[in-house]
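Undergrad: Here you go, data13.cif (mmCIF, C-alpha atoms):
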```
data_structure
loop_
_atom_site.group_PDB
_atom_site.id
_atom_site.type_symbol
_atom_site.label_atom_id
_atom_site.label_comp_id
_atom_site.auth_asym_id
_atom_site.auth_seq_id
_atom_site.Cartn_x
_atom_site.Cartn_y
_atom_site.Cartn_z
ATOM 1 C CA MET G 6 32.767 101.120 82.849
ATOM 2 C CA ILE G 7 35.552 98.752 83.942
ATOM 3 C CA LEU G 8 33.578 95.645 82.927
ATOM 4 C CA LYS G 9 32.321 97.029 79.588
ATOM 5 C CA THR G 10 33.924 95.842 76.361
ATOM 6 C CA GLY G 11 34.418 97.785 73.139
ATOM 7 C CA PHE G 12 36.200 97.817 69.778
ATOM 8 C CA LEU G 13 39.617 98.170 71.431
ATOM 9 C CA LYS G 14 38.743 96.298 74.623
ATOM 10 C CA TRP G 15 37.881 92.653 74.063
ATOM 11 C CA LYS G 16 37.813 91.448 77.636
ATOM 12 C CA PRO G 17 36.271 92.915 80.845
ATOM 13 C CA ASP G 18 38.843 94.074 83.369
ATOM 14 C CA TYR G 19 37.774 91.843 86.275
ATOM 15 C CA ASP G 20 40.968 92.530 88.192
ATOM 16 C CA SER G 21 40.396 96.278 88.338
ATOM 17 C CA ALA G 22 36.686 95.747 89.081
ATOM 18 C CA ALA G 23 37.518 93.478 92.018
ATOM 19 C CA SER G 24 39.944 96.084 93.344
ATOM 20 C CA GLU G 25 37.317 98.867 93.144
ATOM 21 C CA TYR G 26 34.628 96.712 94.802
ATOM 22 C CA GLY G 27 37.127 95.881 97.556
ATOM 23 C CA LYS G 28 37.799 99.572 98.203
ATOM 24 C CA ALA G 29 34.055 100.260 98.279
ATOM 25 C CA ALA G 30 33.534 97.428 100.778
ATOM 26 C CA VAL G 31 36.152 98.917 103.122
ATOM 27 C CA ALA G 32 34.568 102.383 102.873
ATOM 28 C CA PHE G 33 31.089 101.012 103.616
ATOM 29 C CA LYS G 34 32.428 98.950 106.506
ATOM 30 C CA ASN G 35 34.148 101.979 108.064
ATOM 31 C CA ALA G 36 30.871 103.888 107.736
ATOM 32 C CA LYS G 37 29.068 100.991 109.525
ATOM 33 C CA GLN G 38 26.928 100.466 106.401
ATOM 34 C CA PHE G 39 27.224 96.692 106.622
ATOM 35 C CA GLU G 40 24.526 95.782 104.081
ATOM 36 C CA GLN G 41 26.246 97.806 101.358
ATOM 37 C CA ALA G 42 29.649 96.479 102.483
ATOM 38 C CA LYS G 43 28.359 92.914 102.155
ATOM 39 C CA ASP G 44 27.034 93.592 98.640
ATOM 40 C CA ALA G 45 30.364 95.113 97.597
ATOM 41 C CA CYS G 46 32.236 92.068 98.976
ATOM 42 C CA LEU G 47 29.972 89.717 97.001
ATOM 43 C CA ARG G 48 30.566 91.685 93.801
ATOM 44 C CA GLU G 49 34.302 91.602 94.498
ATOM 45 C CA ALA G 50 34.112 87.826 94.977
ATOM 46 C CA VAL G 51 32.316 87.310 91.653
ATOM 47 C CA ALA G 52 34.880 89.480 89.850
ATOM 48 C CA HIS G 53 37.718 87.395 91.318
ATOM 49 C CA GLU G 54 35.927 84.178 90.332
ATOM 50 C CA ASN G 55 35.568 85.428 86.763
ATOM 51 C CA ASN G 56 39.282 86.163 86.828
ATOM 52 C CA ARG G 57 39.947 82.605 88.144
ATOM 53 C CA ALA G 58 41.494 84.040 91.326
ATOM 54 C CA LEU G 59 39.961 81.510 93.705
ATOM 55 C CA PHE G 60 41.901 82.477 96.828
ATOM 56 C CA HIS G 61 40.930 86.141 96.549
ATOM 57 C CA ALA G 62 37.324 85.199 95.746
ATOM 58 C CA ALA G 63 37.210 83.070 98.898
ATOM 59 C CA LYS G 64 38.604 85.964 100.949
ATOM 60 C CA ALA G 65 35.880 88.245 99.623
ATOM 61 C CA TYR G 66 33.131 85.706 100.410
ATOM 62 C CA GLU G 67 34.553 85.361 103.919
ATOM 63 C CA GLN G 68 34.510 89.139 104.339
ATOM 64 C CA ALA G 69 30.875 89.213 103.166
ATOM 65 C CA GLY G 70 30.147 86.643 105.855
ATOM 66 C CA MET G 71 31.761 88.857 108.488
ATOM 67 C CA MET G 72 29.539 91.756 107.394
ATOM 68 C CA LEU G 73 26.513 89.499 107.933
ATOM 69 C CA LYS G 74 27.889 88.685 111.383
ATOM 70 C CA GLU G 75 27.915 92.423 112.183
ATOM 71 C CA MET G 76 24.242 92.448 111.145
ATOM 72 C CA GLN G 77 23.567 89.503 113.511
ATOM 73 C CA LYS G 78 22.603 87.285 110.555
ATOM 74 C CA LEU G 79 24.685 84.390 111.809
ATOM 75 C CA PRO G 80 23.263 81.435 109.801
ATOM 76 C CA GLU G 81 23.726 83.387 106.554
ATOM 77 C CA ALA G 82 27.223 84.438 107.656
ATOM 78 C CA VAL G 83 28.200 80.821 108.299
ATOM 79 C CA GLN G 84 26.854 79.792 104.902
ATOM 80 C CA LEU G 85 29.163 82.247 103.133
ATOM 81 C CA ILE G 86 32.173 81.314 105.266
ATOM 82 C CA GLU G 87 31.561 77.633 104.447
ATOM 83 C CA LYS G 88 31.505 78.546 100.756
ATOM 84 C CA ALA G 89 34.802 80.384 101.221
ATOM 85 C CA SER G 90 36.372 77.353 102.948
ATOM 86 C CA MET G 91 35.420 75.072 100.054
ATOM 87 C CA MET G 92 37.101 77.509 97.653
ATOM 88 C CA TYR G 93 40.223 77.580 99.836
ATOM 89 C CA LEU G 94 40.356 73.787 99.618
ATOM 90 C CA GLU G 95 39.893 73.919 95.849
ATOM 91 C CA ASN G 96 42.703 76.458 95.678
ATOM 92 C CA GLY G 97 45.014 74.107 97.626
ATOM 93 C CA THR G 98 45.173 76.106 100.884
ATOM 94 C CA PRO G 99 43.653 73.684 103.439
ATOM 95 C CA ASP G 100 45.059 75.530 106.485
ATOM 96 C CA THR G 101 43.141 78.662 105.535
ATOM 97 C CA ALA G 102 40.035 76.527 104.887
ATOM 98 C CA ALA G 103 40.297 74.963 108.342
ATOM 99 C CA MET G 104 40.704 78.339 110.048
ATOM 100 C CA ALA G 105 37.616 79.657 108.230
ATOM 101 C CA LEU G 106 35.543 76.632 109.287
ATOM 102 C CA GLU G 107 36.667 76.970 112.900
ATOM 103 C CA ARG G 108 35.786 80.668 112.833
ATOM 104 C CA ALA G 109 32.313 79.775 111.525
ATOM 105 C CA GLY G 110 31.898 77.217 114.307
ATOM 106 C CA LYS G 111 32.696 79.811 116.962
ATOM 107 C CA LEU G 112 30.218 82.249 115.415
ATOM 108 C CA ILE G 113 27.298 79.808 115.483
ATOM 109 C CA GLU G 114 28.122 77.796 118.634
ATOM 110 C CA ASN G 115 25.720 79.621 120.972
ATOM 111 C CA VAL G 116 22.934 79.887 118.399
ATOM 112 C CA ASP G 117 23.049 76.478 116.721
ATOM 113 C CA PRO G 118 25.304 74.012 118.596
ATOM 114 C CA ASP G 119 24.443 71.175 116.191
ATOM 115 C CA LYS G 120 25.781 73.204 113.254
ATOM 116 C CA ALA G 121 28.881 74.094 115.293
ATOM 117 C CA VAL G 122 29.530 70.381 115.925
ATOM 118 C CA GLN G 123 29.374 69.729 112.183
ATOM 119 C CA LEU G 124 31.768 72.607 111.449
ATOM 120 C CA TYR G 125 34.275 71.522 114.107
ATOM 121 C CA GLN G 126 34.192 67.968 112.780
ATOM 122 C CA GLN G 127 34.771 69.241 109.232
ATOM 123 C CA THR G 128 37.713 71.311 110.486
ATOM 124 C CA ALA G 129 39.170 68.276 112.269
ATOM 125 C CA ASN G 130 38.886 66.238 109.056
ATOM 126 C CA VAL G 131 40.779 68.910 107.101
ATOM 127 C CA PHE G 132 43.580 68.980 109.690
ATOM 128 C CA GLU G 133 43.668 65.178 109.875
ATOM 129 C CA ASN G 134 44.009 64.924 106.090
ATOM 130 C CA GLU G 135 46.983 67.261 106.376
ATOM 131 C CA GLU G 136 48.411 65.037 109.162
ATOM 132 C CA ARG G 137 48.170 67.904 111.637
ATOM 133 C CA LEU G 138 46.846 65.631 114.366
ATOM 134 C CA ARG G 139 47.228 67.998 117.318
ATOM 135 C CA GLN G 140 45.038 70.602 115.660
ATOM 136 C CA ALA G 141 42.581 67.899 114.555
ATOM 137 C CA VAL G 142 42.170 66.466 118.054
ATOM 138 C CA GLU G 143 41.653 69.932 119.545
ATOM 139 C CA LEU G 144 38.683 70.501 117.223
ATOM 140 C CA LEU G 145 37.306 67.023 117.929
ATOM 141 C CA GLY G 146 37.434 67.910 121.621
ATOM 142 C CA LYS G 147 35.266 70.975 120.984
ATOM 143 C CA ALA G 148 32.764 68.827 119.094
ATOM 144 C CA SER G 149 32.717 66.191 121.860
ATOM 145 C CA ARG G 150 31.989 68.765 124.566
ATOM 146 C CA LEU G 151 29.150 70.277 122.568
ATOM 147 C CA LEU G 152 27.669 66.806 122.008
ATOM 148 C CA VAL G 153 27.815 66.139 125.763
ATOM 149 C CA ARG G 154 26.244 69.538 126.470
ATOM 150 C CA GLY G 155 23.407 68.627 124.107
ATOM 151 C CA ARG G 156 23.104 65.198 125.766
ATOM 152 C CA ARG G 157 23.809 63.481 122.450
ATOM 153 C CA PHE G 158 25.646 60.758 124.324
ATOM 154 C CA ASP G 159 25.810 58.099 121.597
ATOM 155 C CA GLU G 160 27.602 60.513 119.248
ATOM 156 C CA ALA G 161 29.709 61.897 122.099
ATOM 157 C CA ALA G 162 30.999 58.400 122.936
ATOM 158 C CA LEU G 163 32.167 57.909 119.339
ATOM 159 C CA SER G 164 33.735 61.374 119.173
ATOM 160 C CA ILE G 165 35.683 60.868 122.425
ATOM 161 C CA GLN G 166 36.902 57.480 121.171
ATOM 162 C CA LYS G 167 38.265 59.188 118.066
ATOM 163 C CA GLU G 168 40.032 61.769 120.265
ATOM 164 C CA LYS G 169 41.507 58.974 122.359
ATOM 165 C CA ASN G 170 42.791 57.136 119.281
ATOM 166 C CA ILE G 171 44.609 60.256 118.064
ATOM 167 C CA TYR G 172 46.118 60.983 121.496
ATOM 168 C CA LYS G 173 47.339 57.395 121.574
ATOM 169 C CA GLU G 174 48.840 57.799 118.080
ATOM 170 C CA ILE G 175 50.778 60.913 119.121
ATOM 171 C CA GLU G 176 51.763 59.143 122.377
ATOM 172 C CA ASN G 177 50.054 61.622 124.700
ATOM 173 C CA TYR G 178 49.140 58.873 127.147
ATOM 174 C CA PRO G 179 48.099 60.955 130.206
ATOM 175 C CA THR G 180 45.414 62.651 128.088
ATOM 176 C CA CYS G 181 44.238 59.179 126.994
ATOM 177 C CA TYR G 182 43.565 58.457 130.678
ATOM 178 C CA LYS G 183 41.409 61.592 130.957
ATOM 179 C CA LYS G 184 39.520 60.655 127.805
ATOM 180 C CA THR G 185 38.818 57.233 129.327
ATOM 181 C CA ILE G 186 37.227 58.961 132.337
ATOM 182 C CA ALA G 187 35.119 61.083 129.969
ATOM 183 C CA GLN G 188 34.090 57.965 128.026
ATOM 184 C CA VAL G 189 33.070 56.087 131.173
ATOM 185 C CA LEU G 190 30.949 59.011 132.399
ATOM 186 C CA VAL G 191 29.220 59.266 129.024
ATOM 187 C CA HIS G 192 28.530 55.513 128.883
ATOM 188 C CA LEU G 193 27.140 55.489 132.422
ATOM 189 C CA HIS G 194 24.819 58.365 131.488
ATOM 190 C CA ARG G 195 23.735 56.146 128.590
ATOM 191 C CA ASN G 196 23.010 53.456 131.226
ATOM 192 C CA ASP G 197 25.532 51.213 129.465
ATOM 193 C CA TYR G 198 27.671 49.734 132.227
ATOM 194 C CA VAL G 199 29.061 47.064 129.884
ATOM 195 C CA ALA G 200 30.471 49.680 127.471
ATOM 196 C CA ALA G 201 31.929 51.673 130.385
ATOM 197 C CA GLU G 202 33.656 48.598 131.772
ATOM 198 C CA ARG G 203 34.968 47.680 128.313
ATOM 199 C CA CYS G 204 36.524 51.173 127.965
ATOM 200 C CA VAL G 205 38.498 50.654 131.160
ATOM 201 C CA ARG G 206 39.485 47.117 130.210
ATOM 202 C CA GLU G 207 40.734 48.218 126.777
ATOM 203 C CA SER G 208 42.681 51.087 128.342
ATOM 204 C CA TYR G 209 44.879 48.652 130.272
ATOM 205 C CA SER G 210 46.887 48.371 127.023
ATOM 206 C CA ILE G 211 47.770 52.104 127.163
ATOM 207 C CA PRO G 212 51.240 52.505 128.705
ATOM 208 C CA GLY G 213 51.033 53.643 132.324
ATOM 209 C CA PHE G 214 47.251 53.438 132.668
ATOM 210 C CA ASN G 215 47.207 50.352 134.873
ATOM 211 C CA GLY G 216 48.333 51.583 138.280
ATOM 212 C CA SER G 217 47.534 55.254 137.588
ATOM 213 C CA GLU G 218 45.213 57.240 139.863
ATOM 214 C CA ASP G 219 42.813 57.523 136.910
ATOM 215 C CA CYS G 220 42.600 53.747 136.644
ATOM 216 C CA ALA G 221 42.092 53.287 140.409
ATOM 217 C CA ALA G 222 39.344 55.941 140.484
ATOM 218 C CA LEU G 223 37.534 54.385 137.522
ATOM 219 C CA GLU G 224 37.652 50.917 139.059
ATOM 220 C CA GLN G 225 36.192 52.356 142.273
ATOM 221 C CA LEU G 226 33.516 54.226 140.287
ATOM 222 C CA LEU G 227 32.472 51.124 138.360
ATOM 223 C CA GLU G 228 32.391 49.035 141.521
ATOM 224 C CA GLY G 229 30.124 51.575 143.235
ATOM 225 C CA TYR G 230 27.863 51.855 140.195
ATOM 226 C CA ASP G 231 27.593 48.070 139.837
ATOM 227 C CA GLN G 232 26.705 47.678 143.533
ATOM 228 C CA GLN G 233 24.249 50.607 143.390
ATOM 229 C CA ASP G 234 26.333 52.382 146.010
ATOM 230 C CA GLN G 235 25.507 56.056 145.467
ATOM 231 C CA ASP G 236 27.812 57.209 148.282
ATOM 232 C CA GLN G 237 30.851 55.562 146.691
ATOM 233 C CA VAL G 238 29.976 56.906 143.222
ATOM 234 C CA SER G 239 29.490 60.439 144.591
ATOM 235 C CA GLU G 240 32.761 60.268 146.518
ATOM 236 C CA VAL G 241 34.690 59.396 143.342
ATOM 237 C CA CYS G 242 32.904 62.003 141.218
ATOM 238 C CA ASN G 243 33.549 64.716 143.826
ATOM 239 C CA SER G 244 37.266 63.963 143.935
ATOM 240 C CA PRO G 245 39.647 66.582 142.438
ATOM 241 C CA LEU G 246 40.484 64.183 139.594
ATOM 242 C CA PHE G 247 36.897 64.429 138.339
ATOM 243 C CA LYS G 248 35.927 67.927 139.510
ATOM 244 C CA TYR G 249 38.796 69.620 137.656
ATOM 245 C CA MET G 250 38.078 68.027 134.286
ATOM 246 C CA ASP G 251 36.530 70.090 131.483
ATOM 247 C CA ASN G 252 33.356 71.602 132.878
ATOM 248 C CA ASP G 253 31.001 69.512 130.722
ATOM 249 C CA TYR G 254 32.513 66.251 131.985
ATOM 250 C CA ALA G 255 32.715 67.441 135.609
ATOM 251 C CA LYS G 256 28.973 68.131 135.439
ATOM 252 C CA LEU G 257 28.371 64.601 134.155
ATOM 253 C CA GLY G 258 30.175 63.239 137.200
ATOM 254 C CA LEU G 259 28.298 65.410 139.677
ATOM 255 C CA SER G 260 24.920 64.450 138.175
ATOM 256 C CA LEU G 261 25.626 60.705 137.935
ATOM 257 C CA VAL G 262 23.012 58.600 139.751
ATOM 258 C CA VAL G 263 23.235 54.842 140.128
ATOM 259 C CA PRO G 264 20.332 52.697 138.855
ATOM 260 C CA GLY G 265 17.444 52.831 141.292
ATOM 261 C CA GLY G 266 19.086 55.737 143.160
ATOM 262 C CA GLY G 267 20.677 53.293 145.588
ATOM 263 C CA VAL G 268 22.372 54.246 148.838
ATOM 264 C CA LYS G 269 25.420 52.785 150.454
ATOM 265 C CA LYS G 270 24.769 49.308 151.771
ATOM 266 C CA LYS G 271 25.305 49.117 155.517
ATOM 267 C CA VAL G 272 27.686 46.429 156.692
ATOM 268 C CA ALA G 273 26.720 44.760 159.987
ATOM 269 C CA ALA G 274 29.061 45.835 162.808
ATOM 270 C CA PRO G 275 31.037 43.024 164.495
ATOM 271 C CA PRO G 276 29.598 41.993 167.918
ATOM 272 C CA GLN G 277 31.142 43.969 170.777
ATOM 273 C CA ALA G 278 32.598 42.181 173.802
ATOM 274 C CA GLN G 279 30.276 42.325 176.807
ATOM 275 C CA PRO G 280 31.619 43.100 180.280
ATOM 276 C CA GLU G 281 31.770 40.077 182.575
ATOM 277 C CA GLY G 282 28.484 39.425 184.351
ATOM 278 C CA ALA G 283 26.443 41.580 181.989
ATOM 279 C CA PRO G 284 23.288 40.025 180.579
ATOM 280 C CA ALA G 285 23.599 38.655 177.081
ATOM 281 C CA PRO G 286 21.985 40.826 174.394
ATOM 282 C CA ALA G 287 18.562 39.737 173.338
ATOM 283 C CA ALA G 288 18.511 37.705 170.158
ATOM 284 C CA PRO G 289 16.687 39.383 167.255
ATOM 285 C CA ALA G 290 13.075 38.402 167.111
ATOM 286 C CA GLU G 291 12.394 35.704 164.595
ATOM 287 C CA GLU G 292 10.218 36.659 161.727
ATOM 288 C CA GLU G 293 6.586 35.893 162.322
ATOM 289 C CA GLU G 294 5.819 32.540 160.797
ATOM 290 C CA ASP G 295 3.642 32.738 157.741
ATOM 291 C CA GLU G 296 0.491 30.754 158.510
ATOM 292 C CA TYR G 297 0.170 29.955 154.795
ATOM 293 C CA ALA G 298 3.831 28.946 154.386
ATOM 294 C CA GLY G 299 2.922 25.322 153.873
ATOM 295 C CA GLY G 300 0.087 26.077 151.500
ATOM 296 C CA LEU G 301 -3.654 26.043 152.132
ATOM 297 C CA CYS G 302 -3.912 22.314 152.904
#
```
Kindly return the structure encoded in the file as structure tokens.
TA:
Amino acid sequence: MILKTGFLKWKPDYDSAASEYGKAAVAFKNAKQFEQAKDACLREAVAHENNRALFHAAKAYEQAGMMLKEMQKLPEAVQLIEKASMMYLENGTPDTAAMALERAGKLIENVDPDKAVQLYQQTANVFENEERLRQAVELLGKASRLLVRGRRFDEAALSIQKEKNIYKEIENYPTCYKKTIAQVLVHLHRNDYVAAERCVRESYSIPGFNGSEDCAALEQLLEGYDQQDQDQVSEVCNSPLFKYMDNDYAKLGLSLVVPGGGVKKKVAAPPQAQPEGAPAPAAPAEEEEDEYAGGLC
């Protein structure tokens, strides 16, 4: 009856309709009737849209998404929350849009990590546009770790570089060092030693990096990797500096294998002094001469 028009009522009362649908949604939710609660939220959202109340419409769509979450329909829930976030942006409330996108990312992370990466990156973009760089870089970090977990190393390298650029901009230099370690591990898992070495070389321009324990460890790691010295690489990657990084990067270090699965090259021991009168050690046998060394003729 609220939406019907008549001789004395020229316009549907969308505001009252939205309020009644909202009350119905709460009642259905309390009764654990989530399907009916979702339908009521969607009707509330449409009523708010017709009344040009975008913020309230977005809230109702987000609530409908949360009802779908209770029904374990996560992809559909995320779809509605994304719709809500776009309406928040249109309404001029980007912070609320970013929080909705992040919430959607958390919902879907274990079911569809690729979708979660996209949502976290969208959230970071919203925060970056608002010049809220600390919040932006936190979301980029979540995306980077998911990319590493999915072994999408090319994309992970780019994402970590973006993190590093923001940390440099906000002058959080110690975290830049840690991001350089993460970058090097990702590049080495891509079998790209040149890119890994370039990351370290470029980081020398970051205040305090040259001479830090991070820098020394990375130089030792690259040296071991270049010389196919698995023992040296494993020693660096098992050090506290690497083991206590974010779990996804620590795992990269522990699973890093040098090309060819090399082992530490043994250095010949210096000759020991012989006691006076002792017989001289036998000279190593010469290699057997190849009878064809001079050719067949």
Undergrad: Please expand the PyMOL selection byres ((chain G and resi 228) around 12) into the concrete residues it hits in this file, giving the result as a ChimeraX atom specification.
TA: /G:198,201-202,221-227,229-238,241,263,269
Undergrad: Assuming the chain letters and numbering stay as they are in my file, what does the PyMOL selection byres ((chain G and resi 177-187) around 10) actually select? List them as a count of residues only.
TA: 50
Undergrad: Any chance you could work out the residue set of the PyMOL selection byres ((chain G and resi 21) around 12) here, as a ChimeraX atom specification?
TA: /G:6-9,17-20,22-28,49,52-53,55-56
Undergrad: Where's the centre, and what are the edge lengths in Å to one decimal, of a box along x, y and z enclosing all listed atoms of range 181-192 of chain G padded 5 Å per side, as JSON?
TA:
```
{"center_x": 36.4, "center_y": 58.6, "center_z": 129.7, "size_x": 25.7, "size_y": 16.1, "size_z": 15.4}
```
Undergrad: Report, in Å to a single decimal, how far apart CA of Ile86 in chain G and CA of Glu67 in chain G are.
TA: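 Between CA of Glu67 in chain G and CA of Ile86 in chain G the gap works out to 4.9 Å.
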Undergrad: Rounded to one decimal, what separation in Å do you get between CA of Cys46 in chain G and CA of Ala65 in chain G?
TA: 5.3 Å
Undergrad: Can you tell me which residues surround Ala121 in chain G at a distance of at most 8 Å, considering all atoms listed in the file, apart from same-chain residues fewer than 4 positions away, and format the answer as an MDAnalysis selection string?
TA: chainID G and resid 109:111 113:114 117 125 148
Undergrad: Suppose you want the space between CA of Ala105 in chain G and CA of Gln127 in chain G; what is it in Å?
TA: 10.8 Å
Undergrad: Give me the residues within 12 Å of range 74-82 of chain G as number ranges by chain, counting all atoms listed in the file and dropping any in the same chain fewer than 5 places off.
TA: G: 34, 37-43, 66-69, 87-89, 105-106, 108-118, 120-121
